[in-house]
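Have a look at query-v4.pdb below; it lists PDB, C-alpha atoms.
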MODEL        1
ATOM      1  CA  SER A   1       0.661 -46.734-223.340
ATOM      2  CA  GLY A   2       0.398 -44.071-226.034
ATOM      3  CA  GLN A   3       2.686 -46.085-228.289
ATOM      4  CA  VAL A   4       0.533 -49.173-227.769
ATOM      5  CA  PHE A   5      -2.605 -47.216-228.607
ATOM      6  CA  GLU A   6      -1.068 -45.884-231.820
ATOM      7  CA  ILE A   7       0.646 -49.034-233.124
ATOM      8  CA  TYR A   8      -1.092 -52.073-231.640
ATOM      9  CA  PRO A   9      -4.440 -51.589-233.475
ATOM     10  CA  CYS A  10      -2.743 -52.978-236.618
ATOM     11  CA  THR A  11      -2.809 -56.394-234.959
ATOM     12  CA  PRO A  12      -6.606 -56.907-234.774
ATOM     13  CA  VAL A  13      -6.914 -55.857-238.412
ATOM     14  CA  VAL A  14      -4.480 -58.609-239.448
ATOM     15  CA  LYS A  15      -6.075 -61.113-237.049
ATOM     16  CA  GLN A  16      -9.597 -60.465-238.273
ATOM     17  CA  THR A  17      -8.668 -60.636-241.946
ATOM     18  CA  VAL A  18      -6.824 -63.932-241.557
ATOM     19  CA  LEU A  19      -9.041 -65.591-238.946
ATOM     20  CA  TYR A  20     -12.532 -64.350-239.804
ATOM     21  CA  PRO A  21     -13.521 -67.496-241.783
ATOM     22  CA  VAL A  22     -12.530 -69.691-238.818
ATOM     23  CA  ASP A  23     -14.525 -67.464-236.479
ATOM     24  CA  THR A  24     -17.565 -67.692-238.766
ATOM     25  CA  ILE A  25     -17.450 -71.498-238.773
ATOM     26  CA  LYS A  26     -17.077 -71.495-234.972
ATOM     27  CA  VAL A  27     -20.066 -69.186-234.450
ATOM     28  CA  ARG A  28     -22.238 -71.282-236.783
ATOM     29  CA  LEU A  29     -21.273 -74.493-235.000
ATOM     30  CA  GLN A  30     -22.208 -72.966-231.657
ATOM     31  CA  GLY A  31     -25.631 -71.981-232.967
ATOM     32  CA  MET A  32     -26.514 -75.400-234.380
ATOM     33  CA  LYS A  33     -27.351 -78.677-232.755
ATOM     34  CA  ALA A  34     -24.606 -81.297-232.580
ATOM     35  CA  ASP A  35     -23.884 -83.060-235.866
ATOM     36  CA  GLU A  36     -21.789 -86.192-236.248
ATOM     37  CA  ARG A  37     -20.734 -85.352-239.803
ATOM     38  CA  PRO A  38     -17.115 -84.227-240.322
ATOM     39  CA  LEU A  39     -16.753 -80.457-240.722
ATOM     40  CA  TRP A  40     -15.663 -80.712-244.367
ATOM     41  CA  LYS A  41     -18.950 -82.456-245.262
ATOM     42  CA  ARG A  42     -21.125 -79.666-243.840
ATOM     43  CA  SER A  43     -21.289 -77.227-246.734
ATOM     44  CA  GLU A  44     -23.626 -74.847-244.893
ATOM     45  CA  LEU A  45     -20.742 -73.921-242.574
ATOM     46  CA  PHE A  46     -18.526 -72.698-245.405
ATOM     47  CA  ARG A  47     -20.865 -70.493-247.443
ATOM     48  CA  GLY A  48     -20.248 -66.778-247.080
ATOM     49  CA  VAL A  49     -17.506 -67.097-244.447
ATOM     50  CA  TYR A  50     -16.707 -63.383-244.757
ATOM     51  CA  LYS A  51     -20.314 -62.333-244.196
ATOM     52  CA  GLY A  52     -20.410 -59.316-241.888
ATOM     53  CA  PHE A  53     -16.648 -58.733-242.146
ATOM     54  CA  PHE A  54     -16.341 -55.005-242.850
ATOM     55  CA  VAL A  55     -18.230 -53.269-240.036
ATOM     56  CA  PRO A  56     -16.387 -54.982-237.140
ATOM     57  CA  LEU A  57     -13.126 -54.377-239.017
ATOM     58  CA  ILE A  58     -13.758 -50.660-238.549
ATOM     59  CA  PHE A  59     -14.399 -51.007-234.816
ATOM     60  CA  ASN A  60     -11.864 -53.657-233.778
ATOM     61  CA  ALA A  61      -8.763 -51.490-234.159
ATOM     62  CA  PRO A  62      -9.894 -48.639-231.873
ATOM     63  CA  ALA A  63     -11.421 -51.165-229.444
ATOM     64  CA  SER A  64      -8.164 -53.111-229.152
ATOM     65  CA  GLY A  65      -6.116 -49.946-228.897
ATOM     66  CA  THR A  66      -8.339 -48.801-226.046
ATOM     67  CA  PHE A  67      -8.041 -52.169-224.302
ATOM     68  CA  PHE A  68      -4.258 -52.279-224.300
ATOM     69  CA  ALA A  69      -3.868 -48.608-223.417
ATOM     70  CA  VAL A  70      -6.131 -49.058-220.361
ATOM     71  CA  LYS A  71      -4.685 -52.464-219.434
ATOM     72  CA  ASP A  72      -1.057 -51.327-219.492
ATOM     73  CA  SER A  73      -1.796 -48.098-217.626
ATOM     74  CA  VAL A  74      -3.803 -49.823-214.891
ATOM     75  CA  LYS A  75      -1.273 -52.625-214.521
ATOM     76  CA  ALA A  76       1.553 -50.119-214.097
ATOM     77  CA  SER A  77      -0.409 -48.215-211.447
ATOM     78  CA  VAL A  78      -1.138 -51.346-209.339
ATOM     79  CA  SER A  79       2.106 -53.204-210.030
ATOM     80  CA  TYR A  80       2.919 -53.140-206.296
ATOM     81  CA  LEU A  81       0.271 -55.885-205.859
ATOM     82  CA  GLY A  82       2.372 -58.339-207.825
ATOM     83  CA  ASN A  83       2.277 -59.547-211.430
ATOM     84  CA  ILE A  84      -0.738 -61.876-211.365
ATOM     85  CA  PRO A  85      -3.085 -59.670-209.259
ATOM     86  CA  SER A  86      -2.180 -56.534-211.230
ATOM     87  CA  THR A  87      -2.713 -58.379-214.536
ATOM     88  CA  ILE A  88      -6.151 -59.651-213.522
ATOM     89  CA  ILE A  89      -7.284 -56.238-212.226
ATOM     90  CA  ALA A  90      -6.012 -54.443-215.329
ATOM     91  CA  ILE A  91      -7.697 -56.887-217.712
ATOM     92  CA  ALA A  92     -11.006 -56.767-215.825
ATOM     93  CA  LEU A  93     -11.140 -52.962-215.892
ATOM     94  CA  ALA A  94     -10.055 -52.737-219.535
ATOM     95  CA  GLN A  95     -13.004 -54.904-220.657
ATOM     96  CA  PHE A  96     -15.609 -52.197-219.984
ATOM     97  CA  PRO A  97     -14.315 -49.514-222.392
ATOM     98  CA  TYR A  98     -13.247 -52.221-224.856
ATOM     99  CA  TRP A  99     -16.742 -53.654-225.214
ATOM    100  CA  LEU A 100     -18.295 -50.195-225.114
ATOM    101  CA  VAL A 101     -16.506 -49.571-228.416
ATOM    102  CA  ARG A 102     -16.758 -53.046-229.941
ATOM    103  CA  GLN A 103     -20.183 -54.343-228.832
ATOM    104  CA  PRO A 104     -22.456 -52.740-231.480
ATOM    105  CA  SER A 105     -20.420 -54.116-234.380
ATOM    106  CA  GLU A 106     -19.948 -57.484-232.668
ATOM    107  CA  ILE A 107     -23.666 -58.193-232.414
ATOM    108  CA  LEU A 108     -24.164 -57.337-236.086
ATOM    109  CA  LYS A 109     -21.221 -59.581-236.990
ATOM    110  CA  VAL A 110     -22.523 -62.586-235.062
ATOM    111  CA  ARG A 111     -25.998 -62.307-236.570
ATOM    112  CA  ASP A 112     -24.609 -62.030-240.080
ATOM    113  CA  GLN A 113     -22.381 -65.049-239.497
ATOM    114  CA  VAL A 114     -25.261 -67.161-238.196
ATOM    115  CA  GLU A 115     -27.528 -66.150-241.054
ATOM    116  CA  GLY A 116     -24.918 -67.003-243.691
ATOM    117  CA  ASP A 117     -25.224 -66.322-247.397
ATOM    118  CA  GLN A 118     -28.430 -67.213-249.166
ATOM    119  CA  ARG A 119     -27.942 -68.954-252.501
ATOM    120  CA  ASP A 120     -30.017 -66.371-254.344
ATOM    121  CA  GLN A 121     -28.419 -63.348-252.666
ATOM    122  CA  ASP A 122     -26.874 -60.724-254.951
ATOM    123  CA  GLN A 123     -23.085 -60.991-254.564
ATOM    124  CA  SER A 124     -22.159 -57.915-256.620
ATOM    125  CA  LEU A 125     -19.925 -55.188-255.199
ATOM    126  CA  SER A 126     -22.745 -52.633-255.216
ATOM    127  CA  SER A 127     -25.004 -55.029-253.303
ATOM    128  CA  SER A 128     -22.249 -55.727-250.761
ATOM    129  CA  LEU A 129     -21.701 -52.002-250.244
ATOM    130  CA  ARG A 130     -25.432 -51.493-249.724
ATOM    131  CA  ARG A 131     -25.439 -54.200-247.047
ATOM    132  CA  VAL A 132     -22.506 -52.501-245.290
ATOM    133  CA  ALA A 133     -24.343 -49.167-245.463
ATOM    134  CA  THR A 134     -27.441 -50.817-243.976
ATOM    135  CA  GLN A 135     -25.368 -52.174-241.105
ATOM    136  CA  LEU A 136     -23.802 -48.788-240.434
ATOM    137  CA  ARG A 137     -27.261 -47.200-240.289
ATOM    138  CA  GLN A 138     -28.200 -49.781-237.664
ATOM    139  CA  LEU A 139     -25.451 -48.380-235.449
ATOM    140  CA  ASP A 140     -27.263 -45.044-235.122
ATOM    141  CA  PRO A 141     -27.547 -44.620-231.314
ATOM    142  CA  ARG A 142     -30.163 -41.841-231.349
ATOM    143  CA  GLU A 143     -33.079 -44.239-230.915
ATOM    144  CA  PRO A 144     -33.123 -45.662-227.352
ATOM    145  CA  GLU A 145     -34.585 -48.994-228.468
ATOM    146  CA  THR A 146     -31.934 -49.379-231.164
ATOM    147  CA  LEU A 147     -29.215 -48.608-228.624
ATOM    148  CA  LYS A 148     -30.668 -51.210-226.264
ATOM    149  CA  GLY A 149     -30.659 -53.819-229.018
ATOM    150  CA  LEU A 150     -27.087 -53.059-230.028
ATOM    151  CA  PHE A 151     -25.892 -53.724-226.483
ATOM    152  CA  GLN A 152     -27.754 -57.001-226.072
ATOM    153  CA  GLY A 153     -25.116 -59.344-224.670
ATOM    154  CA  TYR A 154     -22.754 -56.586-223.465
ATOM    155  CA  SER A 155     -22.407 -58.124-219.993
ATOM    156  CA  SER A 156     -22.063 -61.655-221.419
ATOM    157  CA  ASN A 157     -19.135 -60.492-223.544
ATOM    158  CA  ILE A 158     -17.378 -59.071-220.496
ATOM    159  CA  ILE A 159     -18.090 -62.225-218.478
ATOM    160  CA  TYR A 160     -16.516 -64.277-221.285
ATOM    161  CA  THR A 161     -13.517 -62.134-222.215
ATOM    162  CA  ALA A 162     -12.426 -61.134-218.709
ATOM    163  CA  PRO A 163     -11.493 -64.690-217.606
ATOM    164  CA  ALA A 164     -10.334 -65.623-221.121
ATOM    165  CA  ASP A 165      -7.910 -62.700-221.267
ATOM    166  CA  ALA A 166      -6.864 -63.132-217.633
ATOM    167  CA  ILE A 167      -5.990 -66.806-218.184
ATOM    168  CA  LYS A 168      -4.193 -65.973-221.424
ATOM    169  CA  PHE A 169      -2.040 -63.162-220.047
ATOM    170  CA  VAL A 170      -1.288 -64.835-216.707
ATOM    171  CA  ILE A 171      -0.100 -68.006-218.463
ATOM    172  CA  TYR A 172       1.854 -65.975-220.997
ATOM    173  CA  ASP A 173       3.583 -63.885-218.312
ATOM    174  CA  SER A 174       4.410 -67.047-216.344
ATOM    175  CA  LEU A 175       5.874 -68.771-219.414
ATOM    176  CA  LYS A 176       7.776 -65.628-220.357
ATOM    177  CA  ALA A 177       9.261 -65.437-216.854
ATOM    178  CA  LYS A 178      10.284 -69.100-217.066
ATOM    179  CA  PHE A 179      11.845 -69.036-220.528
ATOM    180  CA  GLY A 180      13.214 -65.500-220.383
ATOM    181  CA  LYS A 181      13.488 -62.847-223.036
ATOM    182  CA  GLY A 182      13.197 -64.218-226.554
ATOM    183  CA  GLY A 183      12.526 -63.188-230.106
ATOM    184  CA  PRO A 184       9.311 -63.061-232.110
ATOM    185  CA  ALA A 185       9.258 -66.842-232.634
ATOM    186  CA  GLN A 186       9.309 -67.514-228.887
ATOM    187  CA  SER A 187       6.641 -64.869-228.248
ATOM    188  CA  ALA A 188       4.476 -66.448-230.945
ATOM    189  CA  ALA A 189       4.890 -69.950-229.503
ATOM    190  CA  LEU A 190       4.185 -68.881-225.911
ATOM    191  CA  GLY A 191       1.247 -66.777-227.075
ATOM    192  CA  ALA A 192      -0.240 -69.698-228.988
ATOM    193  CA  VAL A 193       0.009 -72.033-225.974
ATOM    194  CA  SER A 194      -1.476 -69.420-223.640
ATOM    195  CA  THR A 195      -4.351 -68.631-225.996
ATOM    196  CA  ILE A 196      -5.232 -72.299-226.542
ATOM    197  CA  ALA A 197      -5.508 -72.829-222.774
ATOM    198  CA  ALA A 198      -7.702 -69.743-222.389
ATOM    199  CA  GLN A 199      -9.958 -70.542-225.351
ATOM    200  CA  VAL A 200     -10.595 -74.173-224.440
ATOM    201  CA  THR A 201     -11.323 -73.285-220.795
ATOM    202  CA  THR A 202     -13.836 -70.567-221.661
ATOM    203  CA  THR A 203     -15.640 -72.293-224.544
ATOM    204  CA  PRO A 204     -18.908 -72.698-222.542
ATOM    205  CA  LEU A 205     -18.970 -68.933-221.910
ATOM    206  CA  ASP A 206     -18.364 -68.298-225.615
ATOM    207  CA  VAL A 207     -21.224 -70.590-226.622
ATOM    208  CA  ALA A 208     -23.573 -68.817-224.193
ATOM    209  CA  ARG A 209     -22.649 -65.285-225.241
ATOM    210  CA  ASN A 210     -22.968 -66.065-228.964
ATOM    211  CA  ARG A 211     -26.387 -67.641-228.399
ATOM    212  CA  ILE A 212     -27.465 -64.480-226.569
ATOM    213  CA  MET A 213     -26.176 -62.124-229.271
ATOM    214  CA  ALA A 214     -27.524 -64.241-232.137
ATOM    215  CA  SER A 215     -31.010 -64.268-230.643
ATOM    216  CA  SER A 216     -33.631 -62.285-232.546
ATOM    217  CA  SER A 217     -34.436 -58.856-231.213
ATOM    218  CA  ALA A 218     -37.075 -56.493-232.525
ATOM    219  CA  ASP A 219     -34.953 -53.653-231.134
ATOM    220  CA  LEU A 220     -32.215 -54.312-233.681
ATOM    221  CA  GLU A 221     -33.534 -56.429-236.527
ATOM    222  CA  SER A 222     -34.338 -54.410-239.639
ATOM    223  CA  ASP A 223     -37.256 -55.124-241.971
ATOM    224  CA  GLN A 224     -34.781 -56.361-244.586
ATOM    225  CA  GLN A 225     -33.193 -58.801-242.158
ATOM    226  CA  ARG A 226     -36.580 -59.976-240.903
ATOM    227  CA  VAL A 227     -37.733 -60.747-244.459
ATOM    228  CA  ALA A 228     -34.489 -62.624-245.149
ATOM    229  CA  ARG A 229     -34.794 -64.584-241.910
ATOM    230  CA  ASN A 230     -38.417 -65.494-242.650
ATOM    231  CA  ARG A 231     -37.399 -66.646-246.124
ATOM    232  CA  ILE A 232     -34.795 -68.918-244.588
ATOM    233  CA  MET A 233     -37.348 -70.237-242.121
ATOM    234  CA  ALA A 234     -39.873 -70.921-244.869
ATOM    235  CA  SER A 235     -37.468 -72.884-247.045
ATOM    236  CA  SER A 236     -35.248 -74.570-244.490
ATOM    237  CA  SER A 237     -35.138 -78.103-243.231
ATOM    238  CA  ALA A 238     -36.642 -79.029-239.859
ATOM    239  CA  ASP A 239     -33.147 -78.981-238.339
ATOM    240  CA  LEU A 240     -32.445 -75.396-239.442
ATOM    241  CA  GLU A 241     -35.883 -74.262-238.321
ATOM    242  CA  SER A 242     -35.237 -75.796-234.922
ATOM    243  CA  ASP A 243     -31.847 -74.077-234.783
ATOM    244  CA  GLN A 244     -33.357 -70.663-235.558
ATOM    245  CA  GLN A 245     -36.124 -71.161-232.995
ATOM    246  CA  ARG A 246     -33.629 -72.041-230.298
ATOM    247  CA  LEU A 247     -31.354 -69.112-231.128
ATOM    248  CA  LYS A 248     -34.040 -66.464-230.730
ATOM    249  CA  ASP A 249     -34.957 -67.676-227.251
ATOM    250  CA  TYR A 250     -31.823 -66.379-225.492
ATOM    251  CA  SER A 251     -32.248 -62.608-225.843
ATOM    252  CA  LYS A 252     -33.440 -62.133-222.247
ATOM    253  CA  ASP A 253     -31.077 -64.646-220.631
ATOM    254  CA  ASN A 254     -27.893 -63.938-218.733
ATOM    255  CA  VAL A 255     -24.859 -66.184-219.154
ATOM    256  CA  VAL A 256     -25.682 -68.469-216.228
ATOM    257  CA  ARG A 257     -29.259 -68.999-217.365
ATOM    258  CA  ALA A 258     -28.166 -69.553-220.983
ATOM    259  CA  ILE A 259     -25.682 -72.230-219.892
ATOM    260  CA  GLN A 260     -28.340 -73.920-217.754
ATOM    261  CA  ARG A 261     -30.783 -74.035-220.653
ATOM    262  CA  ILE A 262     -28.185 -75.328-223.107
ATOM    263  CA  VAL A 263     -27.329 -78.190-220.741
ATOM    264  CA  GLU A 264     -31.013 -78.964-220.123
ATOM    265  CA  GLN A 265     -32.014 -78.898-223.806
ATOM    266  CA  GLU A 266     -28.909 -80.269-225.527
ATOM    267  CA  GLY A 267     -26.699 -81.865-222.887
ATOM    268  CA  PRO A 268     -23.349 -80.744-221.425
ATOM    269  CA  GLY A 269     -21.504 -81.574-224.647
ATOM    270  CA  ALA A 270     -23.201 -78.625-226.357
ATOM    271  CA  LEU A 271     -21.177 -76.267-224.170
ATOM    272  CA  MET A 272     -18.059 -77.301-226.111
ATOM    273  CA  LEU A 273     -19.507 -76.709-229.583
ATOM    274  CA  GLY A 274     -16.966 -75.051-231.856
ATOM    275  CA  VAL A 275     -13.963 -76.008-229.715
ATOM    276  CA  VAL A 276     -11.984 -77.413-232.673
ATOM    277  CA  PRO A 277     -12.057 -74.202-234.754
ATOM    278  CA  ARG A 278     -11.450 -72.273-231.515
ATOM    279  CA  ILE A 279      -8.196 -74.201-230.973
ATOM    280  CA  PHE A 280      -7.115 -73.630-234.569
ATOM    281  CA  ARG A 281      -7.971 -69.948-234.275
ATOM    282  CA  ALA A 282      -6.161 -69.709-230.930
ATOM    283  CA  ILE A 283      -2.900 -70.994-232.416
ATOM    284  CA  LEU A 284      -2.810 -68.296-235.079
ATOM    285  CA  SER A 285      -4.417 -65.563-232.979
ATOM    286  CA  GLY A 286      -2.095 -66.042-230.008
ATOM    287  CA  ALA A 287       0.979 -66.153-232.206
ATOM    288  CA  ILE A 288       0.026 -62.969-234.061
ATOM    289  CA  GLN A 289      -1.134 -61.093-230.965
ATOM    290  CA  PHE A 290       1.798 -61.707-228.664
ATOM    291  CA  SER A 291       4.601 -61.482-231.210
ATOM    292  CA  THR A 292       3.177 -58.127-232.353
ATOM    293  CA  TYR A 293       2.498 -56.999-228.787
ATOM    294  CA  GLU A 294       6.081 -57.691-227.699
ATOM    295  CA  PHE A 295       7.453 -55.980-230.798
ATOM    296  CA  THR A 296       5.297 -52.918-230.076
ATOM    297  CA  LYS A 297       6.489 -52.769-226.481
ATOM    298  CA  GLY A 298      10.107 -53.153-227.548
ATOM    299  CA  THR A 299      10.297 -56.844-226.480
ATOM    300  CA  LYS A 300      10.815 -56.014-222.854
TER     301      LYS A 300
ENDMDL
END
Would you put the structure from the file into structure tokens?
Amino acid sequence: SGQVFEIYPCTPVVKQTVLYPVDTIKVRLQGMKADERPLWKRSELFRGVYKGFFVPLIFNAPASGTFFAVKDSVKASVSYLGNIPSTIIAIALAQFPYWLVRQPSEILKVRDQVEGDQRDQDQSLSSSLRRVATQLRQLDPREPETLKGLFQGYSSNIIYTAPADAIKFVIYDSLKAKFGKGGPAQSAALGAVSTIAAQVTTTPLDVARNRIMASSSADLESDQQRVARNRIMASSSADLESDQQRLKDYSKDNVVRAIQRIVEQEGPGALMLGVVPRIFRAILSGAIQFSTYEFTKGTK
């Protein structure tokens, strides 16, 4: 597991750099009401697709390294239970330290993605660095209220990723057992198939957890962000204003309650918002993750 912890963190860095724009579009789709227009005609989805990129980039590598170190260690210790039970137990237990590391940066990322770039926002390097510095200051855990705000949605992330990862790894291990030992291309193909199945199945949980994290919270929102959000509200269309109002109503909900409210207010179809970019992301993400993972482990 030490080798995994040292080497595997390179994978999330590559994944985030390549797939961040797709993730941004997905998060924005999940925060908006359904729209019949084709994606390429919705310009608001494509502005500032790397907004909020740098802070989670710092946290994702150690978070992923922690996840795989814990997962592999736990799975080895309970391997006598069989492959599927040991995989599920290991993944479930690994989620808690993983999200303990990743959660604060994830909530800042989601809120930046939903907010998007304002047309009049300064895009200079110095301005971008100041925004990153502002985000890093928001991660200061010394204030209890700030800490509470940073972990808004912590349980919803675990509820989403535990089944998503369990489905992904169980399917991957089953396919690997069926097709036998193969090279990077086979690992990439099997990983892509496994990840697509997991992502499509858990889309409703992803919609709910992103609504919860994107909701406004006085515990976390800085004065600068609040002014920017109010400016958007003042100049937006009725649709965007409605979207923002709906988003800020989920901060106190758990996943079950959020799903219930989404179905009541928008219909069951809203639970599958963002599924198309999720499938596209899953193809690349699964291929990168599992080919790298097998290489790191020595393609056992």
How would you write, as a ChimeraX atom specification, the residues chosen by the PyMOL selection byres ((chain A and resi 108) around 9) on this structure? /A:52,55-56,103-107,109-113,135,138,150,213-214,220
Answer key for the PyMOL selection byres ((chain A and resi 16) around 12), residues as a compact mmCIF listing (two decimals) with C-alpha atoms, in the frame of the given file:
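What ended up in expr_18.txt:
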# COMPACT_ATOMS: atom_id res chain seq x y z
CA PRO A 9 -4.44 -51.59 -233.48
CA CYS A 10 -2.74 -52.98 -236.62
CA THR A 11 -2.81 -56.39 -234.96
CA PRO A 12 -6.61 -56.91 -234.77
CA VAL A 13 -6.91 -55.86 -238.41
CA VAL A 14 -4.48 -58.61 -239.45
CA LYS A 15 -6.08 -61.11 -237.05
CA THR A 17 -8.67 -60.64 -241.95
CA VAL A 18 -6.82 -63.93 -241.56
CA LEU A 19 -9.04 -65.59 -238.95
CA TYR A 20 -12.53 -64.35 -239.80
CA PRO A 21 -13.52 -67.50 -241.78
CA VAL A 22 -12.53 -69.69 -238.82
CA ASP A 23 -14.52 -67.46 -236.48
CA THR A 24 -17.57 -67.69 -238.77
CA TYR A 50 -16.71 -63.38 -244.76
CA GLY A 52 -20.41 -59.32 -241.89
CA PHE A 53 -16.65 -58.73 -242.15
CA PHE A 54 -16.34 -55.00 -242.85
CA VAL A 55 -18.23 -53.27 -240.04
CA PRO A 56 -16.39 -54.98 -237.14
CA LEU A 57 -13.13 -54.38 -239.02
CA ILE A 58 -13.76 -50.66 -238.55
CA PHE A 59 -14.40 -51.01 -234.82
CA ASN A 60 -11.86 -53.66 -233.78
CA ALA A 61 -8.76 -51.49 -234.16
CA SER A 64 -8.16 -53.11 -229.15
CA LYS A 109 -21.22 -59.58 -236.99
CA ARG A 281 -7.97 -69.95 -234.28
CA LEU A 284 -2.81 -68.30 -235.08
CA SER A 285 -4.42 -65.56 -232.98
CA ILE A 288 0.03 -62.97 -234.06
CA GLN A 289 -1.13 -61.09 -230.96
Any chance you could work out the residue set of the PyMOL selection byres ((chain A and resi 259) around 9) here, as a ChimeraX atom specification? /A:204-205,207-208,254-258,260-264,268,271
Excluding Pro97 in chain A and any residue of its chain fewer than 6 positions from it, enumerate the residues within 12 Å of it, using all atoms listed in the file, and give them as a ChimeraX atom specification. /A:62-71,90-91,103,154,158
Rounded to one decimal place, report the CA of Phe169 in chain A-CA of Gly31 in chain A distance in Å.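 So the answer is 28.3 Å.
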Between CA of Glu44 in chain A and CA of Ala282 in chain A - distance in Å to one decimal: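 Here the two named atoms are 22.9 Å from each other.
For the pair CA of Val200 in chain A and CA of Ile279 in chain A, the interatomic distance is 7.0 Å.
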Using all atoms listed in the file, pick whichever of A:Asn83, A:Gln152, A:Ser73, A:Thr201 has the shortest atom-to-atom distance to Leu100 in chain A.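 Using all atoms listed in the file, Leu100 in chain A sits closest to A:Gln152.
Around Pro184 in chain A, within 8 Å and counting all atoms listed in the file, the residues found are Gly182, Gln186, Ser187, Ala188, Ser291, Thr292, Glu294 and Phe295 of chain A, once anything fewer than 2 positions away on its own chain is removed.
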6 Å per side around range 15-27 of chain A: axis-aligned box centre and edge lengths, as JSON:
{"center_x": -13.1, "center_y": -66.0, "center_z": -238.2, "size_x": 26.0, "size_y": 23.0, "size_z": 19.5}
Could you list, as number ranges by chain, every residue within 10 Å of range 166-168 of chain A, counting only C-alpha atoms and ignoring same-chain residues fewer than 4 positions away? A: 84-85, 87-92, 161-162, 172-173, 190-199, 201-202, 286
Between A:Ala164, A:Val101, A:Leu81, A:Val114, which is the closest to Leu45 in chain A once you count only C-alpha atoms?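 Of the candidates, the smallest distance to Leu45 in chain A is held by A:Val114.
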